[in-house]
Amino acid sequence: MNISRLACTLLPLACHALTLQAAMYDVKNFGAVGDGRAIETPAINRAIEEAGKNGGGTVYVPAGDYLCYSIRLQSHVTLYLEQGATITAAFPSEHEGYDEAEANDASPYQDFGHSHWKNSLIWGIGLEDIAICGQGAIYGMGLTREESRLKGVGNKAISLKECRNVTIRDIKMLHCGHFALLATGVDNMTIDNLLIDTNRDGLDIDCCRNVRISSCTVNSPWDDAIVLKASYALGRFRDTENVTITGCFVSGYDRGTVANGTFRRDEPQAPDQGFVTGRIKFGTESSGGFKNIAISSCIFERCRGLALETVDGGHLEDVTISNITMRDIVNAPIFLRLGARLRSPKGTPVGEMRRIAISNVNVYNADSRYASIISGVPGSYIEDVTLSNIRISYKGGYAKEDGEITPPENEKLYPEPWMFGTIPASAFFIRHARNIRFHQVSVSFMEKDYRPAFVLDDAPNVSIKEVEVDLPDGVQLVKEIVNH
Amino acid sequence: MKAVSLSLALLMAVLSAQGAPFGRALSGSREQPRVASCDHPEFALLLPHMSGNLKLGIISDNRSAWLNNPQNIKAASTKNGVSYEVTDPLLGKGTLTLRARALNATDGLLVEAEALGVPEGVKLLWAYGGACGKVIDAEPALAPEYCRNNVFSVEGGAFTLYFGEVMRLKIVQGLTPPESEICLSDARQQSSPLAFFQSGKKTDAPALTGALPLLNGQKYYFCVYVQSAKADYAYYMLPQL
């Protein structure tokens with residue numbers, strides 16, 4: 001091989017190596033230190049800007065503790081957190097803080113947290129082909145879960161608006177403020193293998209299309225773990241659709257104790273006084289709809305039950321939920337609510353909830369006060385729901401007189417099982433719902449419960465087949481309320 | 001003129017209520033104070049429902065004392081509140097001065113603490129809790145029976161206390177020095193500040209305690225208040241409040 005031939009062979013390899021080298025942007029080359037003391041945001045943002053300017057690449061965050069305010073993502077850039085790297089949210093000071101919450105004319109229709117994106121630790125708006133991954137961590141120490149509107153306050157760990165082709169993979173997220181992730185109007189998103197242990201919501205998927213959530217652990221005792229929403233934050237109606245949630249564990253252990261492996265149960269109460277949260281939920285923001293959604297092979301522990309809610313006019317339809325097991329559930333293990341809160345532009349009609357299949361669900365040690373609830377509002381029915389192969393072990397313990405209660409309608413109220421007070425059924429309360437099928441449902445009680453098992457009120461065409469309920473003598477299996 | 005009358009009325013109320021537990025009204029009336037204090041530095045928010053009690057102590061190594069010994073405390077009414085000069089064997093020859101007053105823009109309390117001549121290593125302990133959310137006839141102490149279901153969200157030196165019941169939730173905000181080491185504690189174990197601070201969170205009566213090094217000449221602030229659009233505070237704002 002002569003020299004020219006050797007050069008011809010090696011030069012492309014060298015160029016390729018240089019290209020690979022050039023595509024990695026180590027934040028330490030841009031001035032980051034990783035000592036947990038200096039504010040590193042300018043250095044990290046410079047690395048992201050450089051990568052973006054060069055057509056994209058990977059911004060590499062090596063082991064270290066990087067104290068930051070708002071990190072601004074750019075298209076075609078991956079933020080890679082190496083094992084041992086932590087991006088820590090700094091507390092705002094008098095002179096420094098997170099990017100200001102941008103103006104949003106649609107803010108009256110959803111909570112403050114949902115209406116702004118820039119007041120976050122990491123944010124991206126209108127981007128494509130972005131990723132946050134690696135074995136490192138995001139620690140939202142200086143983010144708030146509360147309601148301060150002061151300039152410089154940040155309240156979300158990762159916030160994305162109107163992006164597409166997004167991957168978030170492998171990272172740990174701790175103590176993340178109002179949201180670990182708020183994704184609004186994002187298309188084509190993969191969220192995989194995250195460990196989230198936080199002090200308010202975990203994953204909020206709002207007005208998003210084509211989303212894969214898999215193999216995530218989300219501990220969020222003080223709010224929902226994985227929650228699908230369809231707010232009006234974009235200033236228009238947009239559904240959340242084509243979503244799968246699979247292989248996830250959601251829980252309400254004491255904050256931080258799943259991530260540190262101690263799994264403590266010393267703190268039973270959540271700020272809303274309804275006991276620990278940590279569930280998978282649809283809603284509450286539901287101006288748009290929820291369509292074509294499959295949830296499978298998920299585990300709930302020490303948390304609230306599965307909640308499907310549409311109360312702001314959205315259509316919730318074509319949903320399957322299968323192979324779920326739950327233990328130590330502090331409220332209704334299954335809660336379906338079509339409500340009329342209608343926090344949407346004036347004139348928005350009540351939504352719809354239909355074509356829902358819930359199957360292969362096992363629940364152990366569920367609180368009995370609210371039993372399970374399927375409830376629309378007068379004139380608006382939940383329709384075409386199938387519950388099959390369901391086994392629920394309730395705590396029980398309610399009296400015959402509780403079976404005479406007529407729960408208030410509370411059509412406009414924020415949806416939670418507590419809105420109805422004690423429920424007159426021990427297993428399922430079904431009101432303003434039709435074409436509901438129960439098949440192979442088994443219900444037992446740790447303590448005898450003297451309420452009827454199924455109470456039907458304004459519930460035509462309910463089929464209850466192959467149902468086993470551990471009833472005390474003289475207690476009705478099905479009570480149908482007439483002359484409503 | 002109106003403001004002067006109001007200040008005089010408040011001063012009269014503070015003066016005339018000396019001696020009775022929580023008899024010093026920093027806001028509201030003497031009969032129905034909204035922010036009440038004692039002849040020692042202990043405070044309660046009564047809105048009118050019981051919204052919490054702030055009490056203070058000092059720690060030196062493995063010894064500690066609540067700031068409630070009348071022999072060691074001189075209380076005096078000021079133009080807009082009350083001040084306390086505290087001496088204690090744990091403070092050596094030093095003094096701890098506390099100045100407290102109600103907030104103007106909202107229901108709330110502001111306390112400024114400053115030590116002079118205090119030995120190195122002394123810590124100031126603060127405790128907040130007992131927000132039962134009901135109007136009570138008894139003394140608004142940090143009593144364990146008032147603490148059930150109090151939920152504290154701690155963010156640095158700030159906390160938010162949630163209490164009451166579902167659909168009738170009540171909230172107060174707290175700001176304490178950022179150097180506070182804060183932990184959930186058991187209000188059933190208040191025999192000493194140290195015992196309270198080290199009691200752990202496994203309890204049906206949760207309260208919040210914090211300890212911070214007491215450096216001479218440095219001013220420390222404590223603020224508990226009801227947040228609103230007009231009253232939204234961070235610690236760095238407290239000296240100017």
# chains A, B, ... in the order shown; residues from 1 in each chain; ligands from 1

$ interface_residues --of "chain B" --to "chain A" --cutoff "12 Å" --atoms "only C-alpha atoms" --output "short mmCIF file (atom, residue, chain, number, x, y, z; two decimals) with all heavy atoms, in the first residue's frame"
data_model
loop_
_atom_site.label_atom_id
_atom_site.label_comp_id
_atom_site.auth_asym_id
_atom_site.auth_seq_id
_atom_site.Cartn_x
_atom_site.Cartn_y
_atom_site.Cartn_z
N ARG B 148 -53.33 17.09 63.31
CA ARG B 148 -53.71 15.97 62.46
C ARG B 148 -53.96 16.43 61.02
O ARG B 148 -54.64 17.43 60.79
CB ARG B 148 -54.97 15.32 63.02
CG ARG B 148 -55.32 14.02 62.37
CD ARG B 148 -56.54 13.39 63.05
NE ARG B 148 -56.96 12.20 62.34
CZ ARG B 148 -56.37 11.02 62.47
NH1 ARG B 148 -55.36 10.89 63.30
NH2 ARG B 148 -56.80 9.98 61.79
N ASN B 149 -53.40 15.71 60.08
CA ASN B 149 -53.58 15.98 58.65
C ASN B 149 -53.00 17.32 58.18
O ASN B 149 -53.34 17.79 57.10
CB ASN B 149 -55.04 15.87 58.22
CG ASN B 149 -55.51 14.42 58.22
OD1 ASN B 149 -54.72 13.52 57.93
ND2 ASN B 149 -56.77 14.19 58.53
N ASN B 150 -52.18 17.95 58.99
CA ASN B 150 -51.43 19.11 58.49
C ASN B 150 -50.38 18.59 57.51
O ASN B 150 -49.62 17.68 57.83
CB ASN B 150 -50.73 19.84 59.64
CG ASN B 150 -51.66 20.77 60.43
OD1 ASN B 150 -51.21 21.58 61.21
ND2 ASN B 150 -52.97 20.66 60.23
N VAL B 151 -50.36 19.18 56.33
CA VAL B 151 -49.40 18.75 55.30
C VAL B 151 -48.48 19.93 54.98
O VAL B 151 -48.96 21.00 54.61
CB VAL B 151 -50.11 18.27 54.03
CG1 VAL B 151 -49.10 17.90 52.95
CG2 VAL B 151 -51.01 17.07 54.34
N PHE B 152 -47.19 19.70 55.12
CA PHE B 152 -46.20 20.76 54.89
C PHE B 152 -45.43 20.47 53.61
O PHE B 152 -44.80 19.43 53.47
CB PHE B 152 -45.19 20.82 56.05
CG PHE B 152 -45.80 21.24 57.35
CD1 PHE B 152 -46.31 20.29 58.23
CD2 PHE B 152 -45.86 22.58 57.70
CE1 PHE B 152 -46.86 20.67 59.44
CE2 PHE B 152 -46.42 22.97 58.92
CZ PHE B 152 -46.92 22.01 59.79
N SER B 153 -45.49 21.40 52.69
CA SER B 153 -44.67 21.32 51.48
C SER B 153 -43.49 22.27 51.69
O SER B 153 -43.67 23.48 51.82
CB SER B 153 -45.52 21.76 50.28
OG SER B 153 -44.70 22.02 49.18
N VAL B 154 -42.30 21.71 51.75
CA VAL B 154 -41.10 22.50 52.05
C VAL B 154 -40.29 22.72 50.78
O VAL B 154 -40.01 21.77 50.05
CB VAL B 154 -40.24 21.78 53.12
CG1 VAL B 154 -38.97 22.58 53.42
CG2 VAL B 154 -41.04 21.57 54.40
N GLU B 155 -39.95 23.96 50.53
CA GLU B 155 -39.11 24.29 49.37
C GLU B 155 -38.01 25.23 49.85
O GLU B 155 -38.26 26.43 50.04
CB GLU B 155 -39.96 24.92 48.27
CG GLU B 155 -41.00 23.95 47.73
CD GLU B 155 -41.92 24.54 46.68
OE1 GLU B 155 -41.93 25.78 46.50
OE2 GLU B 155 -42.64 23.76 46.04
N GLY B 156 -36.83 24.70 50.08
CA GLY B 156 -35.76 25.50 50.67
C GLY B 156 -36.18 25.92 52.07
O GLY B 156 -36.61 25.10 52.88
N GLY B 157 -36.11 27.21 52.34
CA GLY B 157 -36.54 27.72 53.64
C GLY B 157 -38.01 28.09 53.68
O GLY B 157 -38.48 28.61 54.69
N ALA B 158 -38.71 27.85 52.60
CA ALA B 158 -40.14 28.21 52.54
C ALA B 158 -40.99 26.96 52.76
O ALA B 158 -40.59 25.85 52.44
CB ALA B 158 -40.46 28.82 51.19
N PHE B 159 -42.17 27.18 53.31
CA PHE B 159 -43.10 26.06 53.40
C PHE B 159 -44.52 26.53 53.10
O PHE B 159 -44.85 27.72 53.22
CB PHE B 159 -43.03 25.37 54.76
CG PHE B 159 -43.52 26.19 55.94
CD1 PHE B 159 -44.87 26.25 56.26
CD2 PHE B 159 -42.62 26.89 56.73
CE1 PHE B 159 -45.31 27.00 57.35
CE2 PHE B 159 -43.06 27.64 57.81
CZ PHE B 159 -44.40 27.70 58.13
N THR B 160 -45.32 25.60 52.65
CA THR B 160 -46.75 25.82 52.48
C THR B 160 -47.46 24.79 53.33
O THR B 160 -47.15 23.59 53.24
CB THR B 160 -47.16 25.67 51.00
OG1 THR B 160 -46.36 26.55 50.22
CG2 THR B 160 -48.62 25.99 50.79
N LEU B 161 -48.36 25.25 54.16
CA LEU B 161 -49.09 24.35 55.05
C LEU B 161 -50.52 24.20 54.54
O LEU B 161 -51.24 25.19 54.37
CB LEU B 161 -49.08 24.90 56.48
CG LEU B 161 -50.05 24.27 57.48
CD1 LEU B 161 -49.86 22.76 57.60
CD2 LEU B 161 -49.91 24.92 58.85
N TYR B 162 -50.91 22.96 54.26
CA TYR B 162 -52.27 22.64 53.82
C TYR B 162 -53.02 22.01 54.98
O TYR B 162 -52.52 21.08 55.61
CB TYR B 162 -52.23 21.66 52.65
CG TYR B 162 -51.64 22.23 51.38
CD1 TYR B 162 -50.27 22.19 51.15
CD2 TYR B 162 -52.46 22.81 50.41
CE1 TYR B 162 -49.73 22.72 49.98
CE2 TYR B 162 -51.92 23.34 49.25
CZ TYR B 162 -50.57 23.29 49.04
OH TYR B 162 -50.05 23.81 47.89
N PHE B 163 -54.22 22.49 55.22
CA PHE B 163 -55.02 21.92 56.30
C PHE B 163 -56.50 22.13 55.97
O PHE B 163 -56.84 22.64 54.92
CB PHE B 163 -54.63 22.55 57.65
CG PHE B 163 -54.77 24.05 57.72
CD1 PHE B 163 -55.79 24.64 58.46
CD2 PHE B 163 -53.87 24.89 57.08
CE1 PHE B 163 -55.92 26.02 58.55
CE2 PHE B 163 -53.99 26.27 57.16
CZ PHE B 163 -55.03 26.83 57.89
N GLY B 164 -57.36 21.73 56.90
CA GLY B 164 -58.79 21.82 56.62
C GLY B 164 -59.29 20.48 56.12
O GLY B 164 -58.85 19.42 56.56
N GLU B 165 -60.18 20.52 55.13
CA GLU B 165 -60.71 19.27 54.61
C GLU B 165 -60.96 19.40 53.12
O GLU B 165 -60.92 20.50 52.57
CB GLU B 165 -62.00 18.90 55.34
CG GLU B 165 -63.03 20.00 55.37
CD GLU B 165 -64.17 19.69 56.33
OE1 GLU B 165 -64.90 18.73 56.07
OE2 GLU B 165 -64.32 20.42 57.33
N VAL B 166 -61.21 18.27 52.45
CA VAL B 166 -61.41 18.29 51.01
C VAL B 166 -62.53 19.26 50.66
O VAL B 166 -63.54 19.33 51.35
CB VAL B 166 -61.73 16.89 50.44
CG1 VAL B 166 -60.53 15.99 50.52
CG2 VAL B 166 -62.91 16.26 51.14
N MET B 167 -62.32 19.98 49.59
CA MET B 167 -63.25 20.97 49.06
C MET B 167 -63.37 22.22 49.95
O MET B 167 -64.04 23.16 49.58
CB MET B 167 -64.64 20.37 48.80
CG MET B 167 -64.62 19.28 47.74
SD MET B 167 -66.23 18.74 47.17
CE MET B 167 -66.81 17.79 48.53
N ARG B 168 -62.75 22.19 51.14
CA ARG B 168 -62.69 23.38 52.00
C ARG B 168 -61.26 23.52 52.53
O ARG B 168 -61.01 23.68 53.72
CB ARG B 168 -63.70 23.26 53.14
CG ARG B 168 -65.13 23.51 52.71
CD ARG B 168 -66.10 23.41 53.88
NE ARG B 168 -66.32 22.03 54.23
CZ ARG B 168 -67.24 21.25 53.66
NH1 ARG B 168 -68.02 21.74 52.70
NH2 ARG B 168 -67.39 19.99 54.02
N LEU B 169 -60.36 23.49 51.58
CA LEU B 169 -58.94 23.46 51.89
C LEU B 169 -58.48 24.84 52.39
O LEU B 169 -58.94 25.86 51.88
CB LEU B 169 -58.18 23.09 50.62
CG LEU B 169 -56.76 22.60 50.76
CD1 LEU B 169 -56.70 21.34 51.60
CD2 LEU B 169 -56.19 22.31 49.36
N LYS B 170 -57.58 24.85 53.34
CA LYS B 170 -57.00 26.10 53.84
C LYS B 170 -55.48 26.02 53.68
O LYS B 170 -54.89 24.94 53.79
CB LYS B 170 -57.38 26.31 55.30
CG LYS B 170 -58.90 26.47 55.50
CD LYS B 170 -59.24 26.63 56.97
CE LYS B 170 -60.71 26.98 57.16
NZ LYS B 170 -61.62 25.88 56.81
N ILE B 171 -54.89 27.19 53.43
CA ILE B 171 -53.46 27.21 53.12
C ILE B 171 -52.82 28.43 53.78
O ILE B 171 -53.38 29.53 53.71
CB ILE B 171 -53.23 27.30 51.59
CG1 ILE B 171 -53.91 26.14 50.86
CG2 ILE B 171 -51.75 27.33 51.25
CD1 ILE B 171 -53.97 26.29 49.36
N VAL B 172 -51.68 28.24 54.41
CA VAL B 172 -50.84 29.38 54.81
C VAL B 172 -49.42 29.13 54.29
O VAL B 172 -48.99 27.99 54.11
CB VAL B 172 -50.81 29.65 56.32
CG1 VAL B 172 -52.15 30.08 56.85
CG2 VAL B 172 -50.28 28.47 57.10
N GLN B 173 -48.74 30.24 54.05
CA GLN B 173 -47.37 30.18 53.56
C GLN B 173 -46.41 30.52 54.70
O GLN B 173 -46.75 31.33 55.58
CB GLN B 173 -47.15 31.20 52.44
CG GLN B 173 -48.15 31.13 51.31
CD GLN B 173 -48.02 29.87 50.49
OE1 GLN B 173 -46.94 29.29 50.41
NE2 GLN B 173 -49.12 29.44 49.88
N GLY B 174 -45.23 29.97 54.65
CA GLY B 174 -44.21 30.30 55.63
C GLY B 174 -42.88 30.58 54.95
O GLY B 174 -42.54 29.94 53.95
N PRO B 178 -33.11 30.74 54.81
CA PRO B 178 -32.73 29.66 53.89
C PRO B 178 -31.75 28.67 54.52
O PRO B 178 -31.69 27.52 54.10
CB PRO B 178 -32.08 30.39 52.72
CG PRO B 178 -32.58 31.79 52.80
CD PRO B 178 -32.84 32.07 54.25
N LEU B 184 -39.83 17.34 59.16
CA LEU B 184 -41.13 17.02 59.76
C LEU B 184 -40.89 16.44 61.14
O LEU B 184 -39.96 15.65 61.32
CB LEU B 184 -41.86 16.00 58.90
CG LEU B 184 -42.67 16.52 57.72
CD1 LEU B 184 -43.24 15.35 56.95
CD2 LEU B 184 -43.78 17.46 58.17
N SER B 185 -41.73 16.80 62.08
CA SER B 185 -41.50 16.37 63.47
C SER B 185 -42.82 15.97 64.11
O SER B 185 -43.90 16.21 63.57
CB SER B 185 -40.85 17.51 64.26
OG SER B 185 -39.62 17.86 63.67
N ASP B 186 -42.69 15.37 65.28
CA ASP B 186 -43.84 14.81 65.99
C ASP B 186 -44.26 15.77 67.10
O ASP B 186 -43.54 15.93 68.09
CB ASP B 186 -43.42 13.45 66.57
CG ASP B 186 -44.54 12.80 67.35
OD1 ASP B 186 -45.65 13.37 67.41
OD2 ASP B 186 -44.30 11.70 67.90
N GLY B 200 -38.70 12.94 64.53
CA GLY B 200 -39.03 12.14 63.35
C GLY B 200 -40.46 12.36 62.88
O GLY B 200 -41.29 12.94 63.58
N LYS B 201 -40.75 11.88 61.69
CA LYS B 201 -42.03 12.20 61.04
C LYS B 201 -43.09 11.12 61.22
O LYS B 201 -44.21 11.25 60.73
CB LYS B 201 -41.79 12.46 59.55
CG LYS B 201 -41.32 11.24 58.78
CD LYS B 201 -41.27 11.54 57.29
CE LYS B 201 -40.99 10.28 56.50
NZ LYS B 201 -41.10 10.46 55.06
N LYS B 202 -42.74 10.05 61.91
CA LYS B 202 -43.71 8.97 62.05
C LYS B 202 -44.68 9.32 63.17
O LYS B 202 -44.45 8.99 64.34
CB LYS B 202 -42.98 7.66 62.35
CG LYS B 202 -43.79 6.44 62.05
CD LYS B 202 -42.92 5.22 61.97
CE LYS B 202 -43.76 4.04 61.48
NZ LYS B 202 -42.97 2.91 61.13
N THR B 203 -45.74 9.99 62.83
CA THR B 203 -46.65 10.52 63.85
C THR B 203 -48.01 10.80 63.22
O THR B 203 -48.13 10.98 62.01
CB THR B 203 -46.09 11.82 64.44
OG1 THR B 203 -47.04 12.34 65.37
CG2 THR B 203 -45.82 12.87 63.39
N ASP B 204 -49.02 10.89 64.09
CA ASP B 204 -50.32 11.36 63.62
C ASP B 204 -50.47 12.85 63.90
O ASP B 204 -51.53 13.42 63.68
CB ASP B 204 -51.45 10.57 64.30
CG ASP B 204 -51.47 10.79 65.81
OD1 ASP B 204 -50.48 11.35 66.35
OD2 ASP B 204 -52.46 10.41 66.46
N ALA B 205 -49.42 13.49 64.40
CA ALA B 205 -49.46 14.92 64.72
C ALA B 205 -48.25 15.62 64.11
O ALA B 205 -47.34 16.07 64.82
CB ALA B 205 -49.49 15.11 66.25
N PRO B 206 -48.22 15.73 62.78
CA PRO B 206 -47.03 16.32 62.16
C PRO B 206 -46.95 17.83 62.35
O PRO B 206 -47.95 18.54 62.25
CB PRO B 206 -47.20 15.96 60.68
CG PRO B 206 -48.67 15.77 60.49
CD PRO B 206 -49.21 15.27 61.80
N ALA B 207 -45.75 18.28 62.63
CA ALA B 207 -45.46 19.71 62.67
C ALA B 207 -44.11 19.90 61.97
O ALA B 207 -43.45 18.91 61.63
CB ALA B 207 -45.40 20.21 64.10
N VAL B 226 -51.09 34.58 54.60
CA VAL B 226 -52.05 34.07 53.61
C VAL B 226 -51.70 34.72 52.27
O VAL B 226 -51.69 35.94 52.15
CB VAL B 226 -53.50 34.41 54.03
CG1 VAL B 226 -54.47 33.95 52.96
CG2 VAL B 226 -53.82 33.77 55.37
N GLN B 227 -51.40 33.89 51.29
CA GLN B 227 -50.96 34.40 49.99
C GLN B 227 -52.14 34.98 49.21
O GLN B 227 -53.25 34.48 49.27
CB GLN B 227 -50.34 33.26 49.19
CG GLN B 227 -49.59 33.72 47.95
CD GLN B 227 -48.98 32.53 47.22
OE1 GLN B 227 -49.68 31.61 46.82
NE2 GLN B 227 -47.68 32.53 47.09
N SER B 228 -51.84 36.06 48.48
CA SER B 228 -52.84 36.65 47.58
C SER B 228 -52.07 37.33 46.46
O SER B 228 -50.84 37.35 46.47
CB SER B 228 -53.70 37.67 48.34
OG SER B 228 -52.90 38.79 48.68
N ALA B 229 -52.80 37.90 45.51
CA ALA B 229 -52.12 38.59 44.41
C ALA B 229 -51.28 39.75 44.97
O ALA B 229 -50.24 40.09 44.42
CB ALA B 229 -53.16 39.11 43.41
N LYS B 230 -51.74 40.34 46.07
CA LYS B 230 -51.01 41.48 46.66
C LYS B 230 -49.95 41.03 47.66
O LYS B 230 -49.13 41.83 48.09
CB LYS B 230 -51.99 42.40 47.38
CG LYS B 230 -52.88 43.21 46.45
CD LYS B 230 -53.79 44.09 47.30
CE LYS B 230 -54.71 44.90 46.40
NZ LYS B 230 -55.75 45.59 47.18
N ALA B 231 -50.01 39.81 48.07
CA ALA B 231 -49.09 39.32 49.11
C ALA B 231 -48.50 37.99 48.66
O ALA B 231 -49.05 36.92 48.90
CB ALA B 231 -49.83 39.16 50.44
N ASP B 232 -47.42 38.10 47.92
CA ASP B 232 -46.73 36.93 47.36
C ASP B 232 -45.24 37.20 47.60
O ASP B 232 -44.64 38.03 46.92
CB ASP B 232 -47.06 36.85 45.86
CG ASP B 232 -46.49 35.61 45.19
OD1 ASP B 232 -45.81 34.82 45.88
OD2 ASP B 232 -46.70 35.44 43.98
N TYR B 233 -44.66 36.54 48.58
CA TYR B 233 -43.35 36.96 49.07
C TYR B 233 -42.28 35.87 48.92
O TYR B 233 -42.57 34.68 48.93
CB TYR B 233 -43.44 37.34 50.55
CG TYR B 233 -44.47 38.40 50.87
CD1 TYR B 233 -45.41 38.21 51.89
CD2 TYR B 233 -44.52 39.59 50.15
CE1 TYR B 233 -46.36 39.18 52.18
CE2 TYR B 233 -45.46 40.57 50.43
CZ TYR B 233 -46.38 40.35 51.45
OH TYR B 233 -47.32 41.30 51.73
N ALA B 234 -41.05 36.34 48.79
CA ALA B 234 -39.87 35.47 48.89
C ALA B 234 -39.05 35.99 50.07
O ALA B 234 -39.21 37.14 50.50
CB ALA B 234 -39.06 35.52 47.61
N TYR B 235 -38.14 35.17 50.56
CA TYR B 235 -37.39 35.54 51.77
C TYR B 235 -36.65 36.85 51.58
O TYR B 235 -36.62 37.69 52.49
CB TYR B 235 -36.42 34.42 52.15
CG TYR B 235 -35.75 34.67 53.48
CD1 TYR B 235 -36.41 34.41 54.66
CD2 TYR B 235 -34.45 35.18 53.53
CE1 TYR B 235 -35.81 34.66 55.90
CE2 TYR B 235 -33.85 35.43 54.76
CZ TYR B 235 -34.53 35.16 55.94
OH TYR B 235 -33.94 35.42 57.14
N TYR B 236 -36.07 37.04 50.38
CA TYR B 236 -35.26 38.25 50.18
C TYR B 236 -36.10 39.53 50.28
O TYR B 236 -35.56 40.62 50.41
CB TYR B 236 -34.49 38.19 48.85
CG TYR B 236 -35.35 38.09 47.61
CD1 TYR B 236 -35.99 39.20 47.09
CD2 TYR B 236 -35.51 36.88 46.95
CE1 TYR B 236 -36.77 39.12 45.94
CE2 TYR B 236 -36.28 36.78 45.80
CZ TYR B 236 -36.91 37.90 45.31
OH TYR B 236 -37.69 37.81 44.18
N MET B 237 -37.41 39.39 50.20
CA MET B 237 -38.27 40.57 50.28
C MET B 237 -38.58 40.96 51.74
O MET B 237 -39.07 42.07 51.99
CB MET B 237 -39.59 40.29 49.54
CG MET B 237 -39.39 39.97 48.07
SD MET B 237 -40.83 39.15 47.33
CE MET B 237 -41.94 40.52 47.16
N LEU B 238 -38.35 40.08 52.67
CA LEU B 238 -38.84 40.30 54.03
C LEU B 238 -38.23 41.54 54.71
O LEU B 238 -38.96 42.26 55.39
CB LEU B 238 -38.63 39.05 54.88
CG LEU B 238 -39.40 37.80 54.41
CD1 LEU B 238 -39.18 36.65 55.37
CD2 LEU B 238 -40.88 38.09 54.23
#

$ residues_around --residues "Thr422 (chain A)" --least-positions-apart "6" --cutoff "9 Å" --atoms "only C-alpha atoms" --output "list in words"
Ser368, Arg369, Tyr370, Ala371, Asp402, Ile405 and Pro407 of chain A

$ residues_around --residues "Gly256 (chain A)" --least-positions-apart "6" --cutoff "10 Å" --atoms "only C-alpha atoms" --output "ChimeraX atom specification"
/A:174-175,196-199,219-221,262-264

$ write_last_selection --atoms "N, CA and C atoms" --output "mmCIF file, in the first residue's frame"
data_model
loop_
_atom_site.group_PDB
_atom_site.id
_atom_site.type_symbol
_atom_site.label_atom_id
_atom_site.label_comp_id
_atom_site.auth_asym_id
_atom_site.auth_seq_id
_atom_site.Cartn_x
_atom_site.Cartn_y
_atom_site.Cartn_z
ATOM 1 N N LEU A 174 -36.356 14.049 40.116
ATOM 2 C CA LEU A 174 -36.679 14.120 41.544
ATOM 3 C C LEU A 174 -37.190 15.500 41.926
ATOM 4 N N HIS A 175 -38.264 15.539 42.725
ATOM 5 C CA HIS A 175 -38.736 16.776 43.349
ATOM 6 C C HIS A 175 -38.875 17.877 42.286
ATOM 7 N N ILE A 196 -39.259 8.580 38.236
ATOM 8 C CA ILE A 196 -39.712 9.904 38.690
ATOM 9 C C ILE A 196 -40.208 9.771 40.126
ATOM 10 N N ASP A 197 -39.698 10.610 40.996
ATOM 11 C CA ASP A 197 -40.148 10.618 42.390
ATOM 12 C C ASP A 197 -40.294 12.085 42.755
ATOM 13 N N THR A 198 -41.525 12.549 42.822
ATOM 14 C CA THR A 198 -41.711 13.997 42.793
ATOM 15 C C THR A 198 -42.779 14.456 43.770
ATOM 16 N N ASN A 199 -42.911 15.784 43.859
ATOM 17 C CA ASN A 199 -43.783 16.370 44.869
ATOM 18 C C ASN A 199 -45.081 16.939 44.302
ATOM 19 N N ASN A 219 -43.507 7.943 41.254
ATOM 20 C CA ASN A 219 -44.005 8.084 42.618
ATOM 21 C C ASN A 219 -44.376 9.549 42.842
ATOM 22 N N SER A 220 -45.640 9.806 43.086
ATOM 23 C CA SER A 220 -46.087 11.205 43.224
ATOM 24 C C SER A 220 -47.226 11.265 44.242
ATOM 25 N N PRO A 221 -46.884 11.156 45.528
ATOM 26 C CA PRO A 221 -47.933 11.079 46.546
ATOM 27 C C PRO A 221 -48.811 12.318 46.639
ATOM 28 N N THR A 262 -36.351 3.264 50.078
ATOM 29 C CA THR A 262 -36.865 2.950 51.423
ATOM 30 C C THR A 262 -38.383 2.742 51.432
ATOM 31 N N PHE A 263 -39.098 3.209 50.414
ATOM 32 C CA PHE A 263 -40.541 2.962 50.244
ATOM 33 C C PHE A 263 -41.321 3.210 51.542
ATOM 34 N N ARG A 264 -41.237 4.429 52.053
ATOM 35 C CA ARG A 264 -41.853 4.709 53.362
ATOM 36 C C ARG A 264 -43.312 5.111 53.234
#

$ closest_residue --among "A:His439, A:Arg279, A:His315, A:Lys479" --to "Glu466 (chain A)" --atoms "only C-alpha atoms"
A:His439

$ select_by_dssp --residues "region 280-359 of chain A" --states "strand (DSSP E or B)" --output "PyMOL selection string"
chain A and resi 280-286+290-303+306-310+315-329+334-338+352-359

$ atom_distance --atom1 "CA of Ala180 (chain A)" --atom2 "CA of Asp204 (chain A)"
8.0 Å

$ residues_around --residues "Trp66 (chain B)" --least-positions-apart "5" --cutoff "8 Å" --atoms "only C-alpha atoms" --output "short mmCIF file (atom, residue, chain, number, x, y, z; two decimals) with C-alpha atoms, in the first residue's frame"
data_model
loop_
_atom_site.label_atom_id
_atom_site.label_comp_id
_atom_site.auth_asym_id
_atom_site.auth_seq_id
_atom_site.Cartn_x
_atom_site.Cartn_y
_atom_site.Cartn_z
CA LYS B 55 -42.75 28.95 68.67
CA LEU B 56 -39.01 29.34 69.15
CA GLY B 57 -36.23 27.73 71.10
CA ILE B 58 -32.46 27.63 71.31
CA SER B 192 -37.53 20.34 74.60
CA PRO B 193 -36.68 21.99 71.29
#

$ residues_around --residues "Arg164 (chain A)" --least-positions-apart "2" --cutoff "10 Å" --atoms "only C-alpha atoms" --output "list in words"
Ser75, Ile125, Gly126, Leu127, Glu128, Asp129, Ile130, Leu160, Lys161, Glu162, Val166, Thr167, Gly185, Val186, Asp187, Asn188, Met189, Cys208, Arg209 and Asn210 of chain A
